[in-house]
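Worksheet: one structure, shown below.
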Amino acid sequence: MASKEIKLSCRNVWKVYGKSPDDFFNKNNGNVSDPLKLAQEMNHKEHIVANANVSFDVHVGEIFVIMGLSGSGKSTIIRCLSRLVEPTAGEVILDNEDLLKKSPKELTEIRRHKMGMVFQNFGLIPHLNVIENIAFPLKIQNFNKDTCFEKAKKVIELVGLEGREENYPSQLSGGQQQRVGIARSLIVEPDVWFLDEPFSALDPLIRRQMQDEFMKIQSVLNKSIVFITHDFVEALRIADRMAIMRDGFIVQFGRPIDIVMNPVDEYVRDFTGDVPFERFLKAEDLIEKSKSSTDNMKIISSTTPIQEILPQLADSKNGLAVVDDKNKELGIITPQGVINVMASAGSKKVQNRK
Amino acid sequence: MKTLLKLDLFQWFFVIAITVSFLLMQNQFVWLKEFPKEFIFPLSAILNSGMEWVVDYSGWFFKGISWFLEWPIKGVRWLLHFLPWTVTVFLFCLVSYIASGWGLVTFTLLATFYMVLIGYWVESMNSFSLVAISVPMAVLVGFAIGSWGFFSERAEKVIKPTLDFLQTVPAFAYLLPILLLFGFGTTVGLLASLIYSFPPMVRNTILGLRQVPSEIIESGIMSGASSRQLFWLVRVPTAWKQILLGVNQTTMASLSMVIIASIIGGTADIGWEVLVYLRKAEFGGSLVAGIVIALIAMILDRITSGLAKNSVTYKPREKSFLRRNKFWFLAITGVLFFYIMSFIFPILNQWPESYFISPAKFISNGLDVFILNFGTQIDYLKQVAFFFIMLPVKIGLQLSVSPYTWGFELTPFLITAYFIIMILFSSWCFFKFSKDVAVGVVLFSIFIYFGLTNMPWLPLILIYGLIGFKIGGLKLSLTIVASFLFITFTGVLPQALLSIYLCGIAVIISFILGSSLGIWAAHNDKVSAFMRPINDTMQTMPSFVILIPFVMFFGIGEFTALLAIIAYAFVPAMRYTEHGLRNLPETVIEAARMIGCSQAQLLWKVKIPLAMPVIMLGLNQTIMFGLAMLVIAALVGTTGLGQLIYIGLSKADFGTGMISGVSIALIAIIFDRTTQAWRIKLEKKTQ
Ligand SMILES: Nc1ncnc2c1ncn2[C@@H]1O[C@H](COP(=O)(O)OP(=O)(O)OP(=O)(O)O)[C@@H](O)[C@H]1O
Ligand SMILES: [Mg+2]
């Protein structure tokens, strides 16, 4: 599970495309007094603001999801974090070191050992077969063939691609290709894992299945993850925390369920409006303070999904006691409490629609 | 808006008035008609003495290179002559199998056996050896320059226009400086073919490397590849197919140039055979030899394009050493087998001369019989084309209409009637269509009456300059004027006009023919399937070969050249038209159907306007192909710049050859820019 230790963070990152983007910044940390005004000025002068003043932290072992409409700057920010794209201003800090100060050589080393990335359209190398694609990051580090293939076999098992080692990317289905992409990004055992809309090119059923497998893999590996999606349901399913982007800015931060319950504006609400958030509620979202003793109540964990809570609640009229992973009591869940939560979220949605 | 329209028309009035007054006064003032000889800049002489100086002072250097390059050619030729023909044929077949399969093997076998049987094996292999050496060199050079252009945008800015220029300067024009610098011999063919064939490699390399999807590059970077690893392990293999397509184009260009280079003779290759027979008017012989060239072209094309196609079908790697290297083993055993067999059966080593079977005599006789029977019809066809199309454009109705040709005299009454009709027609066009069409009609009627080659030089430059200005703005206009000034001041304007006249007619006919076929093929899958292999073959054929059948039937002369240019140049017009019409957005066409367009309306009012930018690209290519063929057609006796180049070549007159070559390139460039500008204008309109 996520700890509070920070793995990767970015501070006031700007990425501006155009003739002379540097002219807008006099010092390079991107910490300007009025970012909104600056972005408008840039737009006026025919510059494209792909990222504006983006700051967030990714904790060790956390899945951090970034969402936003097409063109909102998601891909650009993830590429700034991996320095595939050079930020115009701001800082990127990985393991307490400034990533932007690294030389190309050091950067290559970091990518060889600390970073893995999965792409929307898979980014597989067409002339290499599955096992060669997966072993590619090792091959370019001049590992010998046996080591490469041994390690590759392990990740192939992890993503469930046994028996497809000799196939070429063009002979695989989308889902299988993305498994190869995932396996390749994991073979160097990175700490930080970037995924840029990894499941968007897949059809819904496969997407669902891949999400489950992704969560399974993550429960074993416990990486620090930046995950991009434009599907709120996907975010709800996997995110520990998330950020919503618009026109290069981050407009809202938080746990997915908080964002559903309290969208800051119309834009965010458009994402969350049709989300069946009820299905993704967990015990911790339904807690209320206990007024009476909880001794004879059934005890459940704070991460229990609502689907398991409801049947149990039906059996025990008084409610359920909720504890965290250290067995500390957090509160209780009552039928009335559940109804209240749903009603308040529902009414907010309706009221905000108007 | 209204004043603007007036201004626009006023410019045209002005230019047309000048033109007419020049035409009327040109009999009084000779300098109006012809550019005065005293003003011709002696560029030709300067170039010649410059060249002489270079040859005198650093000739040894070039001769040294030449001497050096002779060796690999000699080596390959020696090897190809030393090997029994069966061994070489076996190797060709093996490569054909790897490239494409049994179908191509059969074709290669039959084709090579044809060469052996008619007794052109040695000549074929001589030509092939030049290709075999120049292609790897061109590929390496092209790949290196292409990669450089890919990495450095500044380099690309220099490379692209240089390639454009190299590819528009006619192939003939290359030969002369090379000949003068490097002396007679096989190296001329090699170097000419090298220079002519590396540009497509550069283009395809840049294109291929650019086309690699960014995600694949990014995934390479994220895998931790250094920039060198990224280039060799990710970019190049991913661009491999495009690079191999470059090899295919380079091979075809190389063969084409090797054949053209053979007109200087002395290298005992197959192109020379064709030319010798053509000159002797033994058409059977030239056809038989020409077919050999066509066959070599087809084999090389199928093999290289097959390899390109194969490069993206990946097969699982074979496990065992033997299977992985099966083709090598097969090659070694095959070569040994046929080599040993050729000792036992000498016929497998060298096909005995007494067994040569050549249908040349037979074809010649057949042709004689044909011409004896149909000669009058052929002549009739020729004369109709000549008197009613070619002459009027060339020297105008003014001179071409006579009782002998048209059956009546051009009386003042008829002349007045002609102009009145044309003016009425023009005004009708003005109200029915647009002022551009009306101006076009006026210009056309003037051109046709006086003849293109009789147009005075100054109005010509003004008219072309103004057309350029209307289509592409000031920059295009200046390019056109500068090019015409170069042509005028170097004194080759009369020849340039002759070239434009012949090529112009050919291009118009090619374009009409090609685009009509394209429209037909776009609506009929059978026609499309039928034409595709014909087009493919026409495009890979060395241009020289296309001349042969036309010379056979129509003899030497402009009419033959016209037909040959049409045969070569209609292909792009057809291709692009079909492509443009077939790739229109479905929704637009459905919408038009829903409104209730008839088939004809759908075609003329919707599809063709939408596909116009692509069709224009076809026109552009047709012009380029036409000009390229025009120069080759000089071999069958045309007048104009092509002939000048040819004369320059035979007299070793570097200056004249170079000026004519550059003039053709300039004409190609201005027509290219004009059609491109027009296309861009249309594209903006359709969007
Ligand atoms: N190389 C570039 N040059 C100019 N503009 C660019 C470049 N790359 C991205 N942009 C612009 O930056 C903005 C953000 O692009 P980005 O790819 O980050 O969007 P995205 O949120 O990933 O969208 P999608 O969901 O479609 O992938 C877009 O407006 C895009 O046009
Ligand atoms: Mg994106």
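We name chains A, B, ... following the order of the structure tokens; residues begin at 1 in each chain, and ligands are numbered from 1 as shown.
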So that I can see what lies close to segment 72-86 of chain A, please list as a PDB file with C-alpha atoms, in the first residue's frame the residues with an atom at most 7 Å from it, counting only C-alpha atoms and leaving out residues fewer than 5 positions away in the same chain.
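Result saved to result.pdb:
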```pdb
ATOM      1  CA  ALA A  50       0.562  22.111 -23.125  1.00  0.00           C
ATOM      2  CA  ASN A  51       1.315  22.160 -19.394  1.00  0.00           C
ATOM      3  CA  ILE A  66      -4.101  11.844 -14.357  1.00  0.00           C
ATOM      4  CA  VAL A  92      11.089  17.415 -11.676  1.00  0.00           C
ATOM      5  CA  ASP A 196       0.018   6.613 -20.875  1.00  0.00           C
ATOM      6  CA  ILE A 228      -3.086   8.361 -17.538  1.00  0.00           C
ATOM      7  CA  MET A 245      -6.316  18.444 -16.073  1.00  0.00           C
ATOM      8  CA  ARG A 246      -7.731  21.065 -18.373  1.00  0.00           C
ATOM      9  CA  ASP A 247      -5.849  23.181 -20.903  1.00  0.00           C
ATOM     10  CA  GLY A 248      -2.559  22.274 -19.282  1.00  0.00           C
TER      11      GLY A 248
END
```
Contacts of segment 106-108 of chain B at 9 Å or less, counting only C-alpha atoms, minus same-chain residues fewer than 6 places along, as a list in words?
-> Val89, Phe92, Cys93, Ser96, Leu295, Ile296 and Ile299 of chain B
With all heavy atoms retained, write the just-selected residues as a tab-separated table (two decimals), in the first residue's frame.
```tsv
chain	number	residue	atom	x	y	z
B	89	VAL	N	22.26	-18.08	-63.87
B	89	VAL	CA	20.80	-18.20	-63.91
B	89	VAL	C	20.29	-18.83	-62.63
B	89	VAL	O	19.29	-18.38	-62.05
B	89	VAL	CB	20.36	-19.02	-65.14
B	89	VAL	CG1	18.89	-19.38	-65.04
B	89	VAL	CG2	20.63	-18.25	-66.41
B	92	PHE	N	20.24	-16.19	-59.95
B	92	PHE	CA	19.11	-15.29	-60.16
B	92	PHE	C	17.80	-15.92	-59.68
B	92	PHE	O	16.99	-15.29	-59.03
B	92	PHE	CB	18.97	-14.93	-61.64
B	92	PHE	CG	19.76	-13.71	-62.04
B	92	PHE	CD1	20.81	-13.81	-62.94
B	92	PHE	CD2	19.45	-12.48	-61.51
B	92	PHE	CE1	21.53	-12.70	-63.30
B	92	PHE	CE2	20.17	-11.36	-61.87
B	92	PHE	CZ	21.22	-11.48	-62.77
B	93	CYS	N	17.64	-17.19	-60.03
B	93	CYS	CA	16.40	-17.89	-59.66
B	93	CYS	C	16.28	-18.01	-58.15
B	93	CYS	O	15.21	-17.85	-57.57
B	93	CYS	CB	16.33	-19.27	-60.30
B	93	CYS	SG	16.04	-19.16	-62.06
B	96	SER	N	15.28	-14.80	-56.79
B	96	SER	CA	13.87	-14.59	-57.11
B	96	SER	C	12.98	-15.35	-56.14
B	96	SER	O	11.94	-14.85	-55.70
B	96	SER	CB	13.56	-15.08	-58.53
B	96	SER	OG	14.35	-14.41	-59.45
B	295	LEU	N	13.12	-7.09	-70.05
B	295	LEU	CA	13.12	-8.26	-69.14
B	295	LEU	C	14.03	-8.02	-67.94
B	295	LEU	O	13.66	-8.32	-66.81
B	295	LEU	CB	13.55	-9.52	-69.90
B	295	LEU	CG	12.54	-10.02	-70.94
B	295	LEU	CD1	13.10	-11.20	-71.70
B	295	LEU	CD2	11.22	-10.40	-70.27
B	296	ILE	N	15.22	-7.48	-68.22
B	296	ILE	CA	16.12	-7.19	-67.10
B	296	ILE	C	15.43	-6.24	-66.13
B	296	ILE	O	15.44	-6.43	-64.90
B	296	ILE	CB	17.43	-6.55	-67.60
B	296	ILE	CG1	18.20	-7.54	-68.48
B	296	ILE	CG2	18.31	-6.14	-66.42
B	296	ILE	CD1	19.50	-6.98	-69.01
B	299	ILE	N	12.80	-8.12	-64.10
B	299	ILE	CA	13.37	-9.01	-63.08
B	299	ILE	C	13.90	-8.19	-61.90
B	299	ILE	O	13.58	-8.48	-60.74
B	299	ILE	CB	14.53	-9.84	-63.67
B	299	ILE	CG1	14.00	-10.80	-64.73
B	299	ILE	CG2	15.22	-10.65	-62.58
B	299	ILE	CD1	15.09	-11.59	-65.42
```
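Considering only C-alpha atoms, the residue among B:Pro177, B:Pro572, B:Gly306, B:Gly224 positioned nearest to chain A is B:Gly224.
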What separation in Å, quoted to one decimal, exists between atom CA of Lys394 of chain B and atom CA of Ser434 of chain B?
-> 28.0 Å
Residue set, segment 559-652 of chain B restricted to alpha helix (DSSP H), as a VMD selection string | chain B and resid 559 to 582 586 to 595 599 to 601 608 to 633 641 to 651
Please, which residues of chain A lie no more than 8 Å from chain B when the count uses only C-alpha atoms, and can they be set out as a ChimeraX atom specification?
-> /A:84,108-112,115-119,121-127,136-137,140,166-168,185
Could the residues in this selection be written to a file with N, CA, C and O atoms, as a JSON list (two decimals), in the first residue's frame?
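The result, stored in part06.json:
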```json
[["chain", "number", "residue", "atom", "x", "y", "z"],
["A", 84, "LEU", "N", 11.18, 12.73, -21.77],
["A", 84, "LEU", "CA", 11.09, 12.53, -23.22],
["A", 84, "LEU", "C", 10.83, 13.88, -23.85],
["A", 84, "LEU", "O", 11.14, 14.12, -25.01],
["A", 108, "THR", "N", 20.08, 8.27, -19.46],
["A", 108, "THR", "CA", 19.99, 6.93, -20.02],
["A", 108, "THR", "C", 20.11, 5.89, -18.92],
["A", 108, "THR", "O", 19.36, 4.91, -18.88],
["A", 109, "GLU", "N", 21.04, 6.12, -18.01],
["A", 109, "GLU", "CA", 21.21, 5.17, -16.90],
["A", 109, "GLU", "C", 19.95, 5.09, -16.05],
["A", 109, "GLU", "O", 19.50, 4.00, -15.69],
["A", 110, "ILE", "N", 19.36, 6.26, -15.75],
["A", 110, "ILE", "CA", 18.13, 6.27, -14.94],
["A", 110, "ILE", "C", 17.03, 5.49, -15.64],
["A", 110, "ILE", "O", 16.33, 4.67, -15.03],
["A", 111, "ARG", "N", 16.91, 5.72, -16.96],
["A", 111, "ARG", "CA", 15.87, 5.01, -17.69],
["A", 111, "ARG", "C", 16.14, 3.51, -17.73],
["A", 111, "ARG", "O", 15.21, 2.70, -17.76],
["A", 112, "ARG", "N", 17.40, 3.15, -17.75],
["A", 112, "ARG", "CA", 17.73, 1.73, -17.82],
["A", 112, "ARG", "C", 17.40, 1.01, -16.51],
["A", 112, "ARG", "O", 17.24, -0.20, -16.52],
["A", 115, "MET", "N", 13.11, 3.56, -14.53],
["A", 115, "MET", "CA", 11.84, 3.93, -15.13],
["A", 115, "MET", "C", 11.35, 2.88, -16.10],
["A", 115, "MET", "O", 12.13, 2.27, -16.82],
["A", 116, "GLY", "N", 10.03, 2.72, -16.14],
["A", 116, "GLY", "CA", 9.42, 1.90, -17.18],
["A", 116, "GLY", "C", 8.24, 2.68, -17.73],
["A", 116, "GLY", "O", 7.64, 3.47, -17.01],
["A", 117, "MET", "N", 7.95, 2.47, -19.01],
["A", 117, "MET", "CA", 6.82, 3.23, -19.57],
["A", 117, "MET", "C", 6.01, 2.36, -20.52],
["A", 117, "MET", "O", 6.57, 1.58, -21.29],
["A", 118, "VAL", "N", 4.69, 2.53, -20.45],
["A", 118, "VAL", "CA", 3.78, 1.80, -21.32],
["A", 118, "VAL", "C", 3.02, 2.82, -22.15],
["A", 118, "VAL", "O", 2.62, 3.86, -21.63],
["A", 119, "PHE", "N", 2.85, 2.52, -23.46],
["A", 119, "PHE", "CA", 2.29, 3.52, -24.37],
["A", 119, "PHE", "C", 0.90, 3.14, -24.84],
["A", 119, "PHE", "O", 0.56, 1.96, -24.93],
["A", 121, "ASN", "N", -0.41, 3.27, -27.86],
["A", 121, "ASN", "CA", -0.41, 2.39, -29.04],
["A", 121, "ASN", "C", 0.71, 1.37, -28.97],
["A", 121, "ASN", "O", 1.24, 0.94, -29.99],
["A", 122, "PHE", "N", 1.07, 1.04, -27.79],
["A", 122, "PHE", "CA", 1.98, -0.07, -27.46],
["A", 122, "PHE", "C", 3.45, 0.22, -27.75],
["A", 122, "PHE", "O", 4.31, -0.18, -26.98],
["A", 123, "GLY", "N", 3.75, 0.89, -28.85],
["A", 123, "GLY", "CA", 5.15, 1.23, -29.13],
["A", 123, "GLY", "C", 6.05, 0.03, -29.23],
["A", 123, "GLY", "O", 7.23, 0.09, -28.87],
["A", 124, "LEU", "N", 5.51, -1.08, -29.75],
["A", 124, "LEU", "CA", 6.37, -2.26, -29.91],
["A", 124, "LEU", "C", 7.23, -2.11, -31.15],
["A", 124, "LEU", "O", 6.83, -1.46, -32.11],
["A", 125, "ILE", "N", 8.38, -2.72, -31.11],
["A", 125, "ILE", "CA", 9.28, -2.64, -32.25],
["A", 125, "ILE", "C", 8.91, -3.77, -33.22],
["A", 125, "ILE", "O", 8.97, -4.94, -32.87],
["A", 126, "PRO", "N", 8.46, -3.41, -34.44],
["A", 126, "PRO", "CA", 7.78, -4.39, -35.30],
["A", 126, "PRO", "C", 8.64, -5.56, -35.76],
["A", 126, "PRO", "O", 8.11, -6.64, -36.02],
["A", 127, "HIS", "N", 9.95, -5.36, -35.86],
["A", 127, "HIS", "CA", 10.75, -6.46, -36.40],
["A", 127, "HIS", "C", 11.28, -7.39, -35.32],
["A", 127, "HIS", "O", 12.04, -8.31, -35.61],
["A", 136, "PHE", "N", 14.40, -6.35, -25.01],
["A", 136, "PHE", "CA", 15.14, -5.25, -25.64],
["A", 136, "PHE", "C", 15.88, -4.33, -24.66],
["A", 136, "PHE", "O", 17.07, -4.06, -24.85],
["A", 137, "PRO", "N", 15.22, -3.90, -23.57],
["A", 137, "PRO", "CA", 15.94, -3.03, -22.63],
["A", 137, "PRO", "C", 17.18, -3.69, -22.04],
["A", 137, "PRO", "O", 18.15, -2.99, -21.71],
["A", 140, "ILE", "N", 20.11, -3.93, -24.93],
["A", 140, "ILE", "CA", 20.93, -2.76, -25.18],
["A", 140, "ILE", "C", 21.85, -2.45, -24.02],
["A", 140, "ILE", "O", 22.73, -1.60, -24.13],
["A", 166, "GLU", "N", 7.39, -16.48, -29.65],
["A", 166, "GLU", "CA", 7.98, -16.39, -30.99],
["A", 166, "GLU", "C", 7.16, -15.51, -31.94],
["A", 166, "GLU", "O", 7.56, -15.29, -33.07],
["A", 167, "ASN", "N", 5.99, -15.06, -31.48],
["A", 167, "ASN", "CA", 5.15, -14.27, -32.38],
["A", 167, "ASN", "C", 5.67, -12.85, -32.53],
["A", 167, "ASN", "O", 6.34, -12.32, -31.64],
["A", 168, "TYR", "N", 5.31, -12.25, -33.68],
["A", 168, "TYR", "CA", 5.68, -10.85, -33.91],
["A", 168, "TYR", "C", 4.48, -9.96, -33.56],
["A", 168, "TYR", "O", 3.34, -10.43, -33.60],
["A", 185, "SER", "N", 8.16, -3.01, -20.10],
["A", 185, "SER", "CA", 8.43, -1.90, -19.19],
["A", 185, "SER", "C", 8.81, -2.41, -17.80],
["A", 185, "SER", "O", 9.37, -1.68, -17.00]]
```
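Nearest to ligand 2 of all the residues A:Asn318, A:Gln209, A:Thr229, A:Asn222 is A:Thr229, counting only C-alpha atoms and all ligand atoms.
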Every residue of segment 80-138 of chain A that DSSP places in strand (DSSP E or B), as a PyMOL selection string | chain A and resi 89-94+97-98+115-118
Next, write the just-selected residues to a file, as a PDB file, in the first residue's frame, keeping N, CA, C and O atoms as the atom set.
```pdb
ATOM      1  N   ALA A  89       9.789  25.162 -18.122  1.00  0.00           N
ATOM      2  CA  ALA A  89      10.186  25.686 -16.811  1.00  0.00           C
ATOM      3  C   ALA A  89       9.670  24.738 -15.737  1.00  0.00           C
ATOM      4  O   ALA A  89       8.783  23.930 -15.992  1.00  0.00           O
ATOM      5  N   GLY A  90      10.228  24.853 -14.555  1.00  0.00           N
ATOM      6  CA  GLY A  90       9.767  24.020 -13.457  1.00  0.00           C
ATOM      7  C   GLY A  90      10.814  23.011 -13.040  1.00  0.00           C
ATOM      8  O   GLY A  90      11.940  23.009 -13.545  1.00  0.00           O
ATOM      9  N   GLU A  91      10.436  22.175 -12.053  1.00  0.00           N
ATOM     10  CA  GLU A  91      11.376  21.178 -11.553  1.00  0.00           C
ATOM     11  C   GLU A  91      10.732  19.812 -11.568  1.00  0.00           C
ATOM     12  O   GLU A  91       9.532  19.678 -11.329  1.00  0.00           O
ATOM     13  N   VAL A  92      11.541  18.793 -11.826  1.00  0.00           N
ATOM     14  CA  VAL A  92      11.089  17.415 -11.676  1.00  0.00           C
ATOM     15  C   VAL A  92      12.074  16.724 -10.754  1.00  0.00           C
ATOM     16  O   VAL A  92      13.283  16.760 -10.995  1.00  0.00           O
ATOM     17  N   ILE A  93      11.567  16.158  -9.679  1.00  0.00           N
ATOM     18  CA  ILE A  93      12.470  15.572  -8.685  1.00  0.00           C
ATOM     19  C   ILE A  93      12.182  14.096  -8.510  1.00  0.00           C
ATOM     20  O   ILE A  93      11.045  13.690  -8.224  1.00  0.00           O
ATOM     21  N   LEU A  94      13.204  13.304  -8.731  1.00  0.00           N
ATOM     22  CA  LEU A  94      13.074  11.854  -8.577  1.00  0.00           C
ATOM     23  C   LEU A  94      14.063  11.415  -7.502  1.00  0.00           C
ATOM     24  O   LEU A  94      15.257  11.709  -7.595  1.00  0.00           O
ATOM     25  N   GLU A  97      16.456  13.939  -6.251  1.00  0.00           N
ATOM     26  CA  GLU A  97      17.454  14.534  -7.131  1.00  0.00           C
ATOM     27  C   GLU A  97      16.748  15.224  -8.289  1.00  0.00           C
ATOM     28  O   GLU A  97      15.717  14.745  -8.760  1.00  0.00           O
ATOM     29  N   ASP A  98      17.327  16.342  -8.749  1.00  0.00           N
ATOM     30  CA  ASP A  98      16.700  17.106  -9.817  1.00  0.00           C
ATOM     31  C   ASP A  98      16.930  16.411 -11.165  1.00  0.00           C
ATOM     32  O   ASP A  98      18.048  16.340 -11.661  1.00  0.00           O
ATOM     33  N   MET A 115      13.114   3.563 -14.527  1.00  0.00           N
ATOM     34  CA  MET A 115      11.842   3.933 -15.132  1.00  0.00           C
ATOM     35  C   MET A 115      11.348   2.877 -16.105  1.00  0.00           C
ATOM     36  O   MET A 115      12.131   2.268 -16.822  1.00  0.00           O
ATOM     37  N   GLY A 116      10.028   2.724 -16.140  1.00  0.00           N
ATOM     38  CA  GLY A 116       9.418   1.901 -17.176  1.00  0.00           C
ATOM     39  C   GLY A 116       8.240   2.682 -17.728  1.00  0.00           C
ATOM     40  O   GLY A 116       7.642   3.475 -17.007  1.00  0.00           O
ATOM     41  N   MET A 117       7.947   2.475 -19.006  1.00  0.00           N
ATOM     42  CA  MET A 117       6.825   3.228 -19.568  1.00  0.00           C
ATOM     43  C   MET A 117       6.014   2.364 -20.516  1.00  0.00           C
ATOM     44  O   MET A 117       6.571   1.584 -21.289  1.00  0.00           O
ATOM     45  N   VAL A 118       4.688   2.535 -20.451  1.00  0.00           N
ATOM     46  CA  VAL A 118       3.775   1.795 -21.320  1.00  0.00           C
ATOM     47  C   VAL A 118       3.019   2.824 -22.154  1.00  0.00           C
ATOM     48  O   VAL A 118       2.621   3.863 -21.633  1.00  0.00           O
TER      49      VAL A 118
END
```
9 Å contact set for Val442 of chain B, only C-alpha atoms, chain neighbours under 3 positions out, as a PyMOL selection string = chain B and resi 16+422-423+425-426+437-439+445-447
Include all heavy atoms and write out the residues we just selected as a compact mmCIF listing (two decimals), in the first residue's frame.
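So again.txt came out as:
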```txt
# COMPACT_ATOMS: atom_id res chain seq x y z
N ILE B 16 -1.84 41.68 -73.40
CA ILE B 16 -2.33 41.22 -74.70
C ILE B 16 -2.11 42.30 -75.76
O ILE B 16 -1.72 42.01 -76.90
CB ILE B 16 -3.82 40.82 -74.60
CG1 ILE B 16 -3.92 39.54 -73.78
CG2 ILE B 16 -4.42 40.59 -75.98
CD1 ILE B 16 -5.31 39.12 -73.43
N MET B 422 -13.59 34.12 -82.17
CA MET B 422 -12.85 33.90 -80.94
C MET B 422 -13.20 34.96 -79.90
O MET B 422 -13.33 34.66 -78.72
CB MET B 422 -11.34 33.92 -81.23
CG MET B 422 -10.84 32.58 -81.74
SD MET B 422 -11.46 31.22 -80.73
CE MET B 422 -10.47 29.87 -81.26
N ILE B 423 -13.35 36.20 -80.33
CA ILE B 423 -13.69 37.26 -79.37
C ILE B 423 -15.09 37.02 -78.81
O ILE B 423 -15.32 37.14 -77.60
CB ILE B 423 -13.60 38.64 -80.05
CG1 ILE B 423 -12.12 38.98 -80.27
CG2 ILE B 423 -14.26 39.72 -79.20
CD1 ILE B 423 -11.88 40.19 -81.13
N PHE B 425 -16.56 34.14 -78.57
CA PHE B 425 -16.45 32.97 -77.70
C PHE B 425 -15.87 33.37 -76.34
O PHE B 425 -16.36 32.96 -75.29
CB PHE B 425 -15.56 31.92 -78.37
CG PHE B 425 -15.41 30.65 -77.58
CD1 PHE B 425 -16.54 29.94 -77.17
CD2 PHE B 425 -14.16 30.16 -77.26
CE1 PHE B 425 -16.41 28.77 -76.44
CE2 PHE B 425 -14.03 28.99 -76.54
CZ PHE B 425 -15.16 28.31 -76.13
N SER B 426 -14.87 34.24 -76.41
CA SER B 426 -14.23 34.68 -75.18
C SER B 426 -15.22 35.45 -74.30
O SER B 426 -15.30 35.23 -73.09
CB SER B 426 -13.03 35.54 -75.53
OG SER B 426 -12.62 36.25 -74.40
N VAL B 437 -11.02 32.13 -67.67
CA VAL B 437 -11.30 31.32 -68.86
C VAL B 437 -11.30 32.21 -70.10
O VAL B 437 -10.73 31.86 -71.14
CB VAL B 437 -12.64 30.59 -68.72
CG1 VAL B 437 -12.91 29.74 -69.95
CG2 VAL B 437 -12.65 29.73 -67.47
N ALA B 438 -11.92 33.38 -69.97
CA ALA B 438 -12.00 34.29 -71.11
C ALA B 438 -10.61 34.71 -71.58
O ALA B 438 -10.29 34.66 -72.77
CB ALA B 438 -12.82 35.52 -70.73
N VAL B 439 -9.76 35.09 -70.61
CA VAL B 439 -8.39 35.46 -70.95
C VAL B 439 -7.67 34.29 -71.61
O VAL B 439 -6.96 34.44 -72.61
CB VAL B 439 -7.64 35.92 -69.69
CG1 VAL B 439 -6.16 36.04 -69.97
CG2 VAL B 439 -8.20 37.23 -69.20
N SER B 445 -6.24 31.72 -78.74
CA SER B 445 -6.49 32.03 -80.15
C SER B 445 -5.31 32.76 -80.77
O SER B 445 -4.99 32.55 -81.93
CB SER B 445 -7.79 32.83 -80.29
OG SER B 445 -7.74 33.95 -79.45
N ILE B 446 -4.64 33.60 -79.96
CA ILE B 446 -3.45 34.28 -80.49
C ILE B 446 -2.33 33.27 -80.76
O ILE B 446 -1.72 33.25 -81.83
CB ILE B 446 -2.97 35.36 -79.51
CG1 ILE B 446 -4.01 36.47 -79.40
CG2 ILE B 446 -1.63 35.94 -79.96
CD1 ILE B 446 -3.69 37.51 -78.36
N PHE B 447 -2.10 32.40 -79.76
CA PHE B 447 -1.05 31.38 -79.91
C PHE B 447 -1.28 30.53 -81.14
O PHE B 447 -0.38 30.26 -81.92
CB PHE B 447 -1.02 30.46 -78.69
CG PHE B 447 -0.17 30.97 -77.57
CD1 PHE B 447 -0.67 31.10 -76.29
CD2 PHE B 447 1.16 31.32 -77.79
CE1 PHE B 447 0.12 31.57 -75.26
CE2 PHE B 447 1.95 31.78 -76.77
CZ PHE B 447 1.43 31.92 -75.50
```
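Close contacts of Met201 of chain B, defined as residues with an atom at most 7 Å away when counting only C-alpha atoms, with chain neighbours fewer than 4 positions off set aside, comprise Val139, Gly142, Phe143, Thr205, Gly246, Val247 and Thr250 of chain B.
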Could you save those same residues with N, CA and C atoms as a CSV table (one decimal), in the first residue's frame?
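selection14.csv, freshly written:
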```
chain,number,residue,atom,x,y,z
B,139,VAL,N,23.3,3.2,-53.1
B,139,VAL,CA,22.6,2.9,-51.9
B,139,VAL,C,23.3,3.4,-50.6
B,142,GLY,N,23.4,7.3,-50.8
B,142,GLY,CA,22.1,7.8,-50.6
B,142,GLY,C,21.6,7.6,-49.1
B,143,PHE,N,22.0,6.5,-48.5
B,143,PHE,CA,21.6,6.2,-47.2
B,143,PHE,C,22.3,7.2,-46.2
B,205,THR,N,15.1,7.3,-47.7
B,205,THR,CA,15.7,7.2,-46.4
B,205,THR,C,15.2,8.2,-45.4
B,246,GLY,N,13.4,2.4,-51.5
B,246,GLY,CA,14.4,3.3,-52.1
B,246,GLY,C,15.4,2.5,-52.9
B,247,VAL,N,15.8,1.3,-52.4
B,247,VAL,CA,16.7,0.5,-53.2
B,247,VAL,C,16.1,0.1,-54.5
B,250,THR,N,16.2,3.1,-56.7
B,250,THR,CA,17.6,3.3,-57.1
B,250,THR,C,18.0,2.3,-58.2
```
